[in-house]
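Comments concern the structure below.
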Number of protein chains: 2
Amino acid sequence: MTNIAQSGDAALKPCTHDYQVNCGNCRLNSICLPLALESDDIQQLDDIIQRSKPLQKNQHLYREGDEFQSVFAVRSGTLKAYKTTDDGREQVTGFYFPGEILGMDGISNNAHASSAKALETAAICEIPFVSLEKLSALMPNLQRHFFQLMSHEITEDQQLITLLSKNSADERVAALMLSISGRNARRKLSATQFRLPMSRVDIGNYLGLTVETVSRVFSRMQKMEVLRVDNKEIEILDPDGLRSIANLGQ
Amino acid sequence: MTNIAQSGDAALKPCTHDYQVNCGNCRLNSICLPLALESDDIQQLDDIIQRSKPLQKNQHLYREGDEFQSVFAVRSGTLKAYKTTDDGREQVTGFYFPGEILGMDGISNNAHASSAKALETAAICEIPFVSLEKLSALMPNLQRHFFQLMSHEITEDQQLITLLSKNSADERVAALMLSISGRNARRKLSATQFRLPMSRVDIGNYLGLTVETVSRVFSRMQKMEVLRVDNKEIEILDPDGLRSIANLGQ
DNA sequence: CTGCTACCTTGATTCACATCAAGGTGATTG
DNA sequence: CAATCACCTTGATGTGAATCAAGGTAGCAG
């Protein structure tokens, strides 16, 4: 609706993205949209999507307890989702890269069950849930797609559960690197070289480890020449080695 | 469809349940059904539900990789869902009590992402997913309800993630006991006395602990007079004590 | 009743990761 | 260009739960 994009801060954008974005021309649509939508279906979906939320680093997209109204698609940048336990500790429940959808945990209670904040400047598509529901009832493909998205979130969480409950520190870190690598590949970026958007603290928190352990694992993998680690820059030197360390589904 | 119930095994049923069950008269419908459904909506839902699957202990409802066709509601008994990692280890991802829905993790890939087996004799309602989709498109309340159910599964998984990544053995076991207690209460059963349907191995597996640790925690809690434990019979002697051990969102 | 099997408990020892402690690096700022 | 801060690394030590080991108990089959 409201026309964002072209304004002010052109100088600091870490990754330029399309002016006049819409779902039809968005290069992420193969990731976030149902593949089988007809082009005028896409137009209808496009009409309900709001693109008015560019976030600066550390800004919140929503907070735990906020009224649930929309789900969100990441257009650029990265976000983390986290819950705060009553004794003040934080649990990172996920990282969200471009093309991925977040906020679905809020549907259950009409309130967001976690908070989401930008790890770097991020452009977001907001999808009002009531509109989405109405549209879903009319477009079977869209309904199916959203069921699938939610189901996918469930299976991802179950992966993480397994990781946390059965795997060593090395395995966990390796699995995360492979996950990020795979998600980069899906967006046609390098699967072997990337910059981690999150801090060691966030990684540790997500994986149920302390910062020190994460750091040590990175050092160890560097020594083994599986990774090259330069602060947040990661290069996977030996993908097979990494996979064998991760010790998961291949 | 096929008419189950009245047949053979009446003698061994651990919990008698209604003959000629239907959603309208099922005493679990406040748990598993959308509260806001009109009664002829319930009739339509009832028509697509199949009740042809009474499971014996250790029988599978579905296995990882099976084609996904239905989601399932537990009518009596308990099931566990689990994934097998490629190196043969098992990860229990959830326990399902009467009134609860399972199988939604299969939607994402049209194949079940986990296996489900009965921990004791169990009666199941099968809900074919294509019918459910069609009906959802016609009944906004039903569509909403299923979105909520899936979202709820996500938030539950996130709870478990937090538990596994941040909490001690005592806290994990306490949290599980409270969860089971709460789910019993919801079904109008005792919140303080119940029989665990799962083994110590399953508990440990679910909570990321070994059998020995689970056993020690039970012993410790018994010594502290928070629980009375007699094999699978549990009595919560001090609910507040248990909550304070669990150390979660109160 | 006897033996078998599955499951649970308890103790002794070990180990992976947490915790504690210190120092390093790089970016930002007055 | 010091100073501050946020973040990362490395080392020394401690600890909660895993592992190893041995019995105990209940249900079931013969």
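Letters for chains follow the order of the structure tokens (A, B, ...), residue numbers begin at 1 for each chain, and ligand numbers begin at 1 in the order shown.
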
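Using only C-alpha atoms (C1' of nucleotides), one finds that the residues of chain B close to chain C, at 9 Å or less, are B:Ser199, B:Arg200, B:Val201, B:Val211, B:Glu212, B:Ser215, B:Arg216, B:Ser219, B:Asn231.
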
Export of the given selection (C-alpha atoms) as a PDB file, in the first residue's frame:
```
ATOM      1  CA  SER B 199       8.406 -45.577  30.133  1.00  0.00           C
ATOM      2  CA  ARG B 200      11.343 -43.864  31.807  1.00  0.00           C
ATOM      3  CA  VAL B 201      13.262 -44.405  28.600  1.00  0.00           C
ATOM      4  CA  VAL B 211      16.970 -43.224  32.017  1.00  0.00           C
ATOM      5  CA  GLU B 212      19.244 -43.167  35.019  1.00  0.00           C
ATOM      6  CA  SER B 215      15.057 -42.191  37.738  1.00  0.00           C
ATOM      7  CA  ARG B 216      17.324 -40.214  40.050  1.00  0.00           C
ATOM      8  CA  SER B 219      13.865 -40.417  43.619  1.00  0.00           C
ATOM      9  CA  ASN B 231       6.641 -47.069  39.265  1.00  0.00           C
TER      10      ASN B 231
END
```

Please, which residues in chain D fall within 12 Å of chain B when counting only C-alpha atoms (C1' of nucleotides), and what is the closest atom pair and distance in Å to one decimal for each, ordered by chain then residue number, as a tab-separated table?
```
residue	atom	partner	partner_atom	distance
D:DG16	C1'	B:Ser168	CA	8.3
D:DA17	C1'	B:Thr213	CA	7.1
D:DA18	C1'	B:Thr210	CA	7.4
D:DT19	C1'	B:Thr210	CA	9.7
D:DC20	C1'	B:Glu212	CA	11.5
D:DT25	C1'	B:Asn231	CA	10.0
D:DA26	C1'	B:Asn231	CA	10.1
```

Output of the above residues as a short mmCIF file (atom, residue, chain, number, x, y, z; two decimals), in the first residue's frame, restricted to all heavy atoms:
```cif
data_model
loop_
_atom_site.label_atom_id
_atom_site.label_comp_id
_atom_site.auth_asym_id
_atom_site.auth_seq_id
_atom_site.Cartn_x
_atom_site.Cartn_y
_atom_site.Cartn_z
P DG D 16 26.28 -29.17 39.95
OP1 DG D 16 25.99 -27.79 40.39
OP2 DG D 16 26.37 -30.28 40.91
"O5'" DG D 16 25.22 -29.54 38.81
"C5'" DG D 16 25.21 -28.80 37.57
"C4'" DG D 16 24.87 -29.74 36.45
"O4'" DG D 16 26.04 -30.52 36.08
"C3'" DG D 16 23.77 -30.75 36.77
"O3'" DG D 16 22.98 -30.85 35.59
"C2'" DG D 16 24.54 -32.04 37.09
"C1'" DG D 16 25.79 -31.91 36.24
N9 DG D 16 27.04 -32.45 36.79
C8 DG D 16 27.42 -32.53 38.10
N7 DG D 16 28.62 -33.03 38.27
C5 DG D 16 29.07 -33.30 36.99
C6 DG D 16 30.30 -33.85 36.54
O6 DG D 16 31.27 -34.21 37.21
N1 DG D 16 30.34 -33.96 35.16
C2 DG D 16 29.33 -33.58 34.31
N2 DG D 16 29.56 -33.75 33.01
N3 DG D 16 28.18 -33.05 34.70
C4 DG D 16 28.11 -32.95 36.06
P DA D 17 21.63 -31.62 35.55
OP1 DA D 17 20.68 -30.78 34.81
OP2 DA D 17 21.31 -32.10 36.91
"O5'" DA D 17 22.00 -32.89 34.66
"C5'" DA D 17 22.49 -32.64 33.35
"C4'" DA D 17 23.25 -33.84 32.84
"O4'" DA D 17 24.42 -34.08 33.65
"C3'" DA D 17 22.47 -35.15 32.83
"O3'" DA D 17 22.59 -35.66 31.53
"C2'" DA D 17 23.17 -36.00 33.88
"C1'" DA D 17 24.60 -35.47 33.79
N9 DA D 17 25.43 -35.69 34.96
C8 DA D 17 25.09 -35.52 36.27
N7 DA D 17 26.06 -35.80 37.11
C5 DA D 17 27.10 -36.19 36.29
C6 DA D 17 28.42 -36.62 36.57
N6 DA D 17 28.91 -36.72 37.80
N1 DA D 17 29.20 -36.93 35.52
C2 DA D 17 28.70 -36.82 34.28
N3 DA D 17 27.49 -36.42 33.89
C4 DA D 17 26.74 -36.13 34.96
P DA D 18 22.08 -37.06 31.00
OP1 DA D 18 21.34 -36.77 29.77
OP2 DA D 18 21.45 -37.82 32.11
"O5'" DA D 18 23.44 -37.77 30.60
"C5'" DA D 18 24.28 -37.14 29.64
"C4'" DA D 18 25.49 -38.02 29.36
"O4'" DA D 18 26.31 -38.10 30.54
"C3'" DA D 18 25.15 -39.46 28.97
"O3'" DA D 18 26.02 -39.87 27.92
"C2'" DA D 18 25.35 -40.24 30.27
"C1'" DA D 18 26.43 -39.43 30.98
N9 DA D 18 26.24 -39.40 32.44
C8 DA D 18 25.13 -39.01 33.13
N7 DA D 18 25.25 -39.08 34.43
C5 DA D 18 26.54 -39.55 34.61
C6 DA D 18 27.29 -39.85 35.77
N6 DA D 18 26.81 -39.69 37.02
N1 DA D 18 28.55 -40.30 35.61
C2 DA D 18 29.02 -40.44 34.35
N3 DA D 18 28.42 -40.20 33.18
C4 DA D 18 27.17 -39.75 33.39
P DT D 19 25.89 -41.31 27.27
OP1 DT D 19 26.42 -41.17 25.90
OP2 DT D 19 24.53 -41.83 27.53
"O5'" DT D 19 26.88 -42.21 28.13
"C5'" DT D 19 28.24 -41.81 28.26
"C4'" DT D 19 28.93 -42.77 29.21
"O4'" DT D 19 28.50 -42.51 30.57
"C3'" DT D 19 28.64 -44.25 28.93
"O3'" DT D 19 29.89 -44.89 28.80
"C2'" DT D 19 27.88 -44.73 30.18
"C1'" DT D 19 28.38 -43.75 31.23
N1 DT D 19 27.51 -43.48 32.40
C2 DT D 19 28.05 -43.61 33.66
O2 DT D 19 29.21 -43.95 33.87
N3 DT D 19 27.18 -43.32 34.70
C4 DT D 19 25.87 -42.91 34.59
O4 DT D 19 25.20 -42.67 35.59
C5 DT D 19 25.37 -42.81 33.24
C7 DT D 19 23.96 -42.38 33.02
C6 DT D 19 26.20 -43.09 32.22
P DC D 20 30.01 -46.40 28.32
OP1 DC D 20 31.25 -46.50 27.51
OP2 DC D 20 28.71 -46.84 27.78
"O5'" DC D 20 30.26 -47.18 29.70
"C5'" DC D 20 31.33 -46.76 30.55
"C4'" DC D 20 31.29 -47.53 31.86
"O4'" DC D 20 30.28 -46.96 32.71
"C3'" DC D 20 30.94 -49.02 31.70
"O3'" DC D 20 31.83 -49.75 32.53
"C2'" DC D 20 29.50 -49.09 32.20
"C1'" DC D 20 29.53 -48.01 33.29
N1 DC D 20 28.21 -47.47 33.67
C2 DC D 20 27.95 -47.21 35.03
O2 DC D 20 28.81 -47.45 35.87
N3 DC D 20 26.74 -46.71 35.38
C4 DC D 20 25.83 -46.45 34.44
N4 DC D 20 24.66 -45.95 34.85
C5 DC D 20 26.08 -46.70 33.06
C6 DC D 20 27.27 -47.21 32.72
P DT D 25 13.43 -55.84 45.44
OP1 DT D 25 12.90 -55.10 46.59
OP2 DT D 25 13.79 -57.28 45.53
"O5'" DT D 25 12.43 -55.68 44.22
"C5'" DT D 25 12.16 -54.36 43.70
"C4'" DT D 25 11.13 -54.50 42.60
"O4'" DT D 25 11.79 -54.87 41.37
"C3'" DT D 25 10.06 -55.55 42.87
"O3'" DT D 25 8.80 -54.94 42.63
"C2'" DT D 25 10.39 -56.68 41.89
"C1'" DT D 25 11.05 -55.90 40.75
N1 DT D 25 12.03 -56.63 39.89
C2 DT D 25 11.91 -56.51 38.53
O2 DT D 25 11.06 -55.84 37.99
N3 DT D 25 12.87 -57.19 37.81
C4 DT D 25 13.89 -57.97 38.31
O4 DT D 25 14.68 -58.54 37.55
C5 DT D 25 13.94 -58.07 39.75
C7 DT D 25 15.02 -58.90 40.39
C6 DT D 25 13.03 -57.39 40.47
P DA D 26 7.44 -55.64 42.94
OP1 DA D 26 6.58 -54.68 43.68
OP2 DA D 26 7.72 -57.00 43.47
"O5'" DA D 26 6.85 -55.79 41.46
"C5'" DA D 26 6.91 -54.67 40.57
"C4'" DA D 26 6.35 -55.11 39.23
"O4'" DA D 26 7.39 -55.79 38.49
"C3'" DA D 26 5.18 -56.08 39.34
"O3'" DA D 26 4.24 -55.73 38.35
"C2'" DA D 26 5.81 -57.45 39.10
"C1'" DA D 26 6.93 -57.09 38.14
N9 DA D 26 8.11 -57.95 38.19
C8 DA D 26 8.73 -58.49 39.28
N7 DA D 26 9.79 -59.21 39.01
C5 DA D 26 9.89 -59.13 37.63
C6 DA D 26 10.80 -59.67 36.71
N6 DA D 26 11.84 -60.43 37.06
N1 DA D 26 10.61 -59.41 35.39
C2 DA D 26 9.57 -58.64 35.04
N3 DA D 26 8.65 -58.08 35.81
C4 DA D 26 8.87 -58.36 37.11
#
```

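Across B:Ser131, B:Gln56, B:Asn141, B:Gln91, the tightest approach to Lys117 (chain B) is made by B:Gln56 when counting only C-alpha atoms.
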
- Query: Given a cut-off of 7 Å, which residues of chain A touch chain B, counting only C-alpha atoms, written out as a PyMOL selection string?
  - Reply: chain A and resi 85-86+91+93+104-108+113+137-138+147-155+157-158+161-162+164-166+208+248-249

Take the residues just selected and output them with N, CA and C atoms as a PDB file, in the first residue's frame.
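Result file again.pdb:
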```pdb
ATOM      1  N   THR A  85      12.281 -15.969  29.135  1.00  0.00           N
ATOM      2  CA  THR A  85      11.694 -16.717  30.242  1.00  0.00           C
ATOM      3  C   THR A  85      11.489 -15.754  31.404  1.00  0.00           C
ATOM      4  N   ASP A  86      10.575 -16.117  32.280  1.00  0.00           N
ATOM      5  CA  ASP A  86      10.198 -15.224  33.384  1.00  0.00           C
ATOM      6  C   ASP A  86      11.385 -14.826  34.255  1.00  0.00           C
ATOM      7  N   GLN A  91      15.694 -17.159  25.103  1.00  0.00           N
ATOM      8  CA  GLN A  91      15.903 -18.328  24.264  1.00  0.00           C
ATOM      9  C   GLN A  91      15.648 -17.949  22.817  1.00  0.00           C
ATOM     10  N   THR A  93      14.727 -18.747  19.278  1.00  0.00           N
ATOM     11  CA  THR A  93      13.996 -19.890  18.712  1.00  0.00           C
ATOM     12  C   THR A  93      14.180 -20.014  17.205  1.00  0.00           C
ATOM     13  N   MET A 104       4.127 -16.926  12.745  1.00  0.00           N
ATOM     14  CA  MET A 104       3.015 -17.872  12.771  1.00  0.00           C
ATOM     15  C   MET A 104       2.731 -18.435  14.151  1.00  0.00           C
ATOM     16  N   ASP A 105       3.684 -18.291  15.053  1.00  0.00           N
ATOM     17  CA  ASP A 105       3.422 -18.791  16.408  1.00  0.00           C
ATOM     18  C   ASP A 105       2.414 -17.925  17.155  1.00  0.00           C
ATOM     19  N   GLY A 106       2.033 -16.816  16.557  1.00  0.00           N
ATOM     20  CA  GLY A 106       1.079 -15.940  17.228  1.00  0.00           C
ATOM     21  C   GLY A 106      -0.373 -16.300  16.975  1.00  0.00           C
ATOM     22  N   ILE A 107      -0.624 -17.142  15.979  1.00  0.00           N
ATOM     23  CA  ILE A 107      -1.992 -17.465  15.579  1.00  0.00           C
ATOM     24  C   ILE A 107      -2.754 -18.140  16.705  1.00  0.00           C
ATOM     25  N   SER A 108      -2.043 -19.029  17.387  1.00  0.00           N
ATOM     26  CA  SER A 108      -2.677 -19.873  18.380  1.00  0.00           C
ATOM     27  C   SER A 108      -3.420 -19.096  19.461  1.00  0.00           C
ATOM     28  N   ALA A 113       3.890 -15.237  20.439  1.00  0.00           N
ATOM     29  CA  ALA A 113       4.456 -16.084  21.482  1.00  0.00           C
ATOM     30  C   ALA A 113       5.947 -15.835  21.635  1.00  0.00           C
ATOM     31  N   ALA A 137      -9.410 -19.030   1.861  1.00  0.00           N
ATOM     32  CA  ALA A 137     -10.666 -19.751   1.680  1.00  0.00           C
ATOM     33  C   ALA A 137     -11.064 -19.760   0.201  1.00  0.00           C
ATOM     34  N   LEU A 138     -10.608 -18.754  -0.520  1.00  0.00           N
ATOM     35  CA  LEU A 138     -10.946 -18.660  -1.942  1.00  0.00           C
ATOM     36  C   LEU A 138      -9.926 -19.354  -2.839  1.00  0.00           C
ATOM     37  N   PHE A 147      -0.748 -23.973   5.156  1.00  0.00           N
ATOM     38  CA  PHE A 147      -0.670 -25.172   5.986  1.00  0.00           C
ATOM     39  C   PHE A 147       0.735 -25.761   5.896  1.00  0.00           C
ATOM     40  N   GLN A 148       1.270 -25.775   4.691  1.00  0.00           N
ATOM     41  CA  GLN A 148       2.603 -26.342   4.506  1.00  0.00           C
ATOM     42  C   GLN A 148       3.675 -25.518   5.211  1.00  0.00           C
ATOM     43  N   LEU A 149       3.553 -24.207   5.098  1.00  0.00           N
ATOM     44  CA  LEU A 149       4.520 -23.348   5.774  1.00  0.00           C
ATOM     45  C   LEU A 149       4.537 -23.603   7.271  1.00  0.00           C
ATOM     46  N   MET A 150       3.354 -23.727   7.840  1.00  0.00           N
ATOM     47  CA  MET A 150       3.280 -23.934   9.283  1.00  0.00           C
ATOM     48  C   MET A 150       3.815 -25.309   9.636  1.00  0.00           C
ATOM     49  N   SER A 151       3.457 -26.272   8.824  1.00  0.00           N
ATOM     50  CA  SER A 151       3.961 -27.620   9.052  1.00  0.00           C
ATOM     51  C   SER A 151       5.479 -27.636   8.964  1.00  0.00           C
ATOM     52  N   HIS A 152       5.997 -26.873   8.037  1.00  0.00           N
ATOM     53  CA  HIS A 152       7.439 -26.806   7.880  1.00  0.00           C
ATOM     54  C   HIS A 152       8.098 -26.233   9.127  1.00  0.00           C
ATOM     55  N   GLU A 153       7.470 -25.208   9.669  1.00  0.00           N
ATOM     56  CA  GLU A 153       7.979 -24.628  10.911  1.00  0.00           C
ATOM     57  C   GLU A 153       8.006 -25.685  12.018  1.00  0.00           C
ATOM     58  N   ILE A 154       6.981 -26.512  12.060  1.00  0.00           N
ATOM     59  CA  ILE A 154       6.936 -27.582  13.057  1.00  0.00           C
ATOM     60  C   ILE A 154       8.092 -28.554  12.860  1.00  0.00           C
ATOM     61  N   THR A 155       8.306 -28.973  11.631  1.00  0.00           N
ATOM     62  CA  THR A 155       9.383 -29.937  11.406  1.00  0.00           C
ATOM     63  C   THR A 155      10.749 -29.318  11.696  1.00  0.00           C
ATOM     64  N   ASP A 157      11.350 -27.040  13.946  1.00  0.00           N
ATOM     65  CA  ASP A 157      11.474 -27.006  15.396  1.00  0.00           C
ATOM     66  C   ASP A 157      11.830 -28.389  15.919  1.00  0.00           C
ATOM     67  N   GLN A 158      11.254 -29.406  15.300  1.00  0.00           N
ATOM     68  CA  GLN A 158      11.547 -30.760  15.755  1.00  0.00           C
ATOM     69  C   GLN A 158      12.990 -31.150  15.464  1.00  0.00           C
ATOM     70  N   ILE A 161      14.902 -29.592  18.192  1.00  0.00           N
ATOM     71  CA  ILE A 161      14.721 -30.365  19.418  1.00  0.00           C
ATOM     72  C   ILE A 161      15.676 -31.547  19.443  1.00  0.00           C
ATOM     73  N   THR A 162      15.718 -32.256  18.332  1.00  0.00           N
ATOM     74  CA  THR A 162      16.613 -33.403  18.236  1.00  0.00           C
ATOM     75  C   THR A 162      18.060 -32.968  18.413  1.00  0.00           C
ATOM     76  N   LEU A 164      19.251 -30.389  19.949  1.00  0.00           N
ATOM     77  CA  LEU A 164      19.542 -29.968  21.318  1.00  0.00           C
ATOM     78  C   LEU A 164      19.600 -31.157  22.256  1.00  0.00           C
ATOM     79  N   SER A 165      18.821 -32.160  21.953  1.00  0.00           N
ATOM     80  CA  SER A 165      18.712 -33.210  22.941  1.00  0.00           C
ATOM     81  C   SER A 165      19.705 -34.341  22.686  1.00  0.00           C
ATOM     82  N   LYS A 166      20.211 -34.433  21.469  1.00  0.00           N
ATOM     83  CA  LYS A 166      21.044 -35.586  21.150  1.00  0.00           C
ATOM     84  C   LYS A 166      22.454 -35.249  20.666  1.00  0.00           C
ATOM     85  N   GLY A 208      21.826 -23.779  22.516  1.00  0.00           N
ATOM     86  CA  GLY A 208      21.943 -24.272  23.880  1.00  0.00           C
ATOM     87  C   GLY A 208      23.375 -24.406  24.352  1.00  0.00           C
ATOM     88  N   LEU A 248      24.166 -35.643  10.761  1.00  0.00           N
ATOM     89  CA  LEU A 248      22.709 -35.664  10.675  1.00  0.00           C
ATOM     90  C   LEU A 248      22.312 -36.410   9.410  1.00  0.00           C
ATOM     91  N   GLY A 249      21.082 -36.161   8.965  1.00  0.00           N
ATOM     92  CA  GLY A 249      20.549 -36.809   7.755  1.00  0.00           C
ATOM     93  C   GLY A 249      21.492 -36.615   6.589  1.00  0.00           C
TER      94      GLY A 249
END
```

- Hey, what does DSSP flag as alpha helix (DSSP H) within region 21-247 of chain B? Can you give it to me as an MDAnalysis selection string? chainID B and resid 29:32 39:48 129:138 140:166 169:186 200:207 211:223 239:246

- Item | Contact residues around Glu225 (chain B) with only C-alpha atoms (C1' of nucleotides) at 8 Å, ignoring same-chain residues under 4 positions, as an MDAnalysis selection string | chainID B and resid 221 237:238

Output C-alpha atoms for every residue in that selection, as a PDB file, in the first residue's frame.
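Result went into out-v3.pdb, see below:
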```
ATOM      1  CA  MET B 221      11.577 -35.475  44.267  1.00  0.00           C
ATOM      2  CA  LEU B 237       2.079 -34.033  46.779  1.00  0.00           C
ATOM      3  CA  ASP B 238       3.205 -30.452  46.542  1.00  0.00           C
TER       4      ASP B 238
END
```

- Students should find that C1' of DG27 (chain D) and CA of His60 (chain B) are spaced 23.3 Å

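Between CA of Pro239 (chain B) and CA of Gln193 (chain B) lies a distance of 11.2 Å.
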
- Task: Report the distance between C1' of DG24 (chain D) and CA of Leu196 (chain B) in Å, rounded to one decimal place.
- Result: 20.8 Å

Please give the complete set of residues from region 15-216 of chain A that DSSP, run on the backbone, assigns to strand (DSSP E), formatted as a short mmCIF file (atom, residue, chain, number, x, y, z; two decimals) with N, CA, C and O atoms, in the first residue's frame.
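For reference, selection.cif as written:
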```cif
data_model
loop_
_atom_site.label_atom_id
_atom_site.label_comp_id
_atom_site.auth_asym_id
_atom_site.auth_seq_id
_atom_site.Cartn_x
_atom_site.Cartn_y
_atom_site.Cartn_z
N HIS A 60 12.54 -3.96 16.89
CA HIS A 60 11.63 -5.10 16.97
C HIS A 60 10.57 -5.05 15.88
O HIS A 60 10.04 -3.99 15.57
N LEU A 61 10.28 -6.22 15.35
CA LEU A 61 9.16 -6.34 14.42
C LEU A 61 7.89 -6.54 15.23
O LEU A 61 6.84 -5.98 14.93
N TYR A 62 7.99 -7.34 16.25
CA TYR A 62 6.92 -7.50 17.23
C TYR A 62 7.53 -8.04 18.51
O TYR A 62 8.66 -8.52 18.50
N SER A 70 -0.63 -10.05 12.00
CA SER A 70 -0.04 -10.34 10.69
C SER A 70 1.05 -11.38 10.83
O SER A 70 1.65 -11.52 11.88
N VAL A 71 1.32 -12.06 9.73
CA VAL A 71 2.58 -12.77 9.62
C VAL A 71 3.47 -11.93 8.71
O VAL A 71 3.00 -11.01 8.04
N PHE A 72 4.76 -12.23 8.72
CA PHE A 72 5.71 -11.38 8.01
C PHE A 72 6.64 -12.20 7.14
O PHE A 72 7.04 -13.30 7.51
N ALA A 73 6.98 -11.64 6.00
CA ALA A 73 7.99 -12.27 5.14
C ALA A 73 9.21 -11.36 5.13
O ALA A 73 9.10 -10.14 5.07
N VAL A 74 10.36 -11.96 5.21
CA VAL A 74 11.60 -11.18 5.18
C VAL A 74 11.97 -10.93 3.72
O VAL A 74 12.02 -11.86 2.92
N ARG A 75 12.20 -9.66 3.37
CA ARG A 75 12.59 -9.36 2.00
C ARG A 75 14.10 -9.17 1.91
O ARG A 75 14.73 -9.55 0.93
N SER A 76 14.65 -8.53 2.95
CA SER A 76 16.12 -8.45 3.02
C SER A 76 16.51 -8.33 4.47
O SER A 76 15.70 -7.96 5.32
N LEU A 79 16.40 -11.67 10.74
CA LEU A 79 15.81 -11.43 12.05
C LEU A 79 16.05 -12.62 12.95
O LEU A 79 16.27 -13.73 12.48
N LYS A 80 16.00 -12.35 14.25
CA LYS A 80 15.97 -13.49 15.17
C LYS A 80 14.66 -13.44 15.93
O LYS A 80 14.15 -12.36 16.25
N ALA A 81 14.15 -14.62 16.23
CA ALA A 81 12.97 -14.72 17.08
C ALA A 81 13.43 -15.28 18.41
O ALA A 81 14.32 -16.13 18.45
N TYR A 82 12.87 -14.77 19.49
CA TYR A 82 13.30 -15.27 20.79
C TYR A 82 12.19 -15.10 21.82
O TYR A 82 11.30 -14.25 21.66
N LYS A 83 12.26 -15.93 22.83
CA LYS A 83 11.33 -15.85 23.95
C LYS A 83 12.11 -15.44 25.18
O LYS A 83 13.27 -15.82 25.34
N THR A 84 11.49 -14.71 26.06
CA THR A 84 12.14 -14.38 27.31
C THR A 84 11.47 -15.20 28.40
O THR A 84 10.26 -15.15 28.55
N GLU A 90 16.96 -15.48 27.94
CA GLU A 90 16.45 -15.40 26.59
C GLU A 90 16.65 -16.75 25.90
O GLU A 90 17.67 -17.39 26.12
N GLN A 91 15.69 -17.16 25.10
CA GLN A 91 15.90 -18.33 24.26
C GLN A 91 15.65 -17.95 22.82
O GLN A 91 14.52 -17.59 22.46
N VAL A 92 16.68 -18.00 22.00
CA VAL A 92 16.51 -17.74 20.57
C VAL A 92 15.84 -18.96 19.94
O VAL A 92 16.33 -20.08 20.09
N THR A 93 14.73 -18.75 19.28
CA THR A 93 14.00 -19.89 18.71
C THR A 93 14.18 -20.01 17.20
O THR A 93 13.80 -21.02 16.62
N GLY A 94 14.74 -18.99 16.58
CA GLY A 94 14.97 -19.12 15.15
C GLY A 94 15.61 -17.90 14.54
O GLY A 94 15.55 -16.81 15.11
N PHE A 95 16.23 -18.11 13.40
CA PHE A 95 16.74 -17.02 12.58
C PHE A 95 15.96 -17.01 11.28
O PHE A 95 15.66 -18.08 10.74
N TYR A 96 15.65 -15.84 10.78
CA TYR A 96 14.84 -15.75 9.57
C TYR A 96 15.56 -14.96 8.49
O TYR A 96 15.90 -13.80 8.70
N ILE A 101 9.24 -16.86 6.30
CA ILE A 101 8.05 -16.30 6.93
C ILE A 101 8.15 -16.46 8.44
O ILE A 101 8.52 -17.52 8.92
N LEU A 102 7.79 -15.42 9.16
CA LEU A 102 7.77 -15.56 10.62
C LEU A 102 6.51 -14.97 11.22
O LEU A 102 5.79 -14.23 10.55
N SER A 115 9.31 -12.79 20.51
CA SER A 115 9.65 -11.47 19.97
C SER A 115 10.51 -11.67 18.74
O SER A 115 11.16 -12.71 18.58
N ALA A 116 10.51 -10.67 17.86
CA ALA A 116 11.35 -10.75 16.66
C ALA A 116 12.08 -9.44 16.49
O ALA A 116 11.47 -8.38 16.52
N LYS A 117 13.40 -9.51 16.41
CA LYS A 117 14.14 -8.28 16.17
C LYS A 117 15.14 -8.43 15.04
O LYS A 117 15.62 -9.52 14.74
N ALA A 118 15.42 -7.29 14.39
CA ALA A 118 16.30 -7.28 13.23
C ALA A 118 17.75 -7.39 13.68
O ALA A 118 18.19 -6.70 14.60
N ALA A 123 14.15 -5.40 5.39
CA ALA A 123 12.90 -5.01 4.75
C ALA A 123 11.92 -6.17 4.89
O ALA A 123 12.28 -7.33 4.73
N ILE A 124 10.69 -5.81 5.19
CA ILE A 124 9.70 -6.81 5.60
C ILE A 124 8.40 -6.63 4.81
O ILE A 124 7.99 -5.51 4.57
N CYS A 125 7.81 -7.73 4.43
CA CYS A 125 6.45 -7.69 3.91
C CYS A 125 5.50 -8.12 5.01
O CYS A 125 5.69 -9.17 5.61
N GLU A 126 4.50 -7.32 5.25
CA GLU A 126 3.52 -7.65 6.28
C GLU A 126 2.28 -8.22 5.63
O GLU A 126 1.74 -7.64 4.69
N ILE A 127 1.81 -9.35 6.13
CA ILE A 127 0.65 -10.02 5.53
C ILE A 127 -0.44 -10.12 6.59
O ILE A 127 -0.38 -10.98 7.47
N PRO A 128 -1.42 -9.22 6.54
CA PRO A 128 -2.47 -9.21 7.56
C PRO A 128 -3.20 -10.55 7.55
O PRO A 128 -3.61 -11.03 6.51
N GLN A 193 30.60 -19.41 1.22
CA GLN A 193 31.13 -18.19 1.85
C GLN A 193 29.98 -17.28 2.21
O GLN A 193 29.17 -16.93 1.36
N PHE A 194 29.95 -16.89 3.46
CA PHE A 194 28.90 -15.97 3.87
C PHE A 194 29.29 -15.25 5.15
O PHE A 194 30.26 -15.63 5.82
N ARG A 195 28.52 -14.26 5.45
CA ARG A 195 28.73 -13.49 6.67
C ARG A 195 27.61 -13.84 7.64
O ARG A 195 26.44 -13.73 7.30
#
```
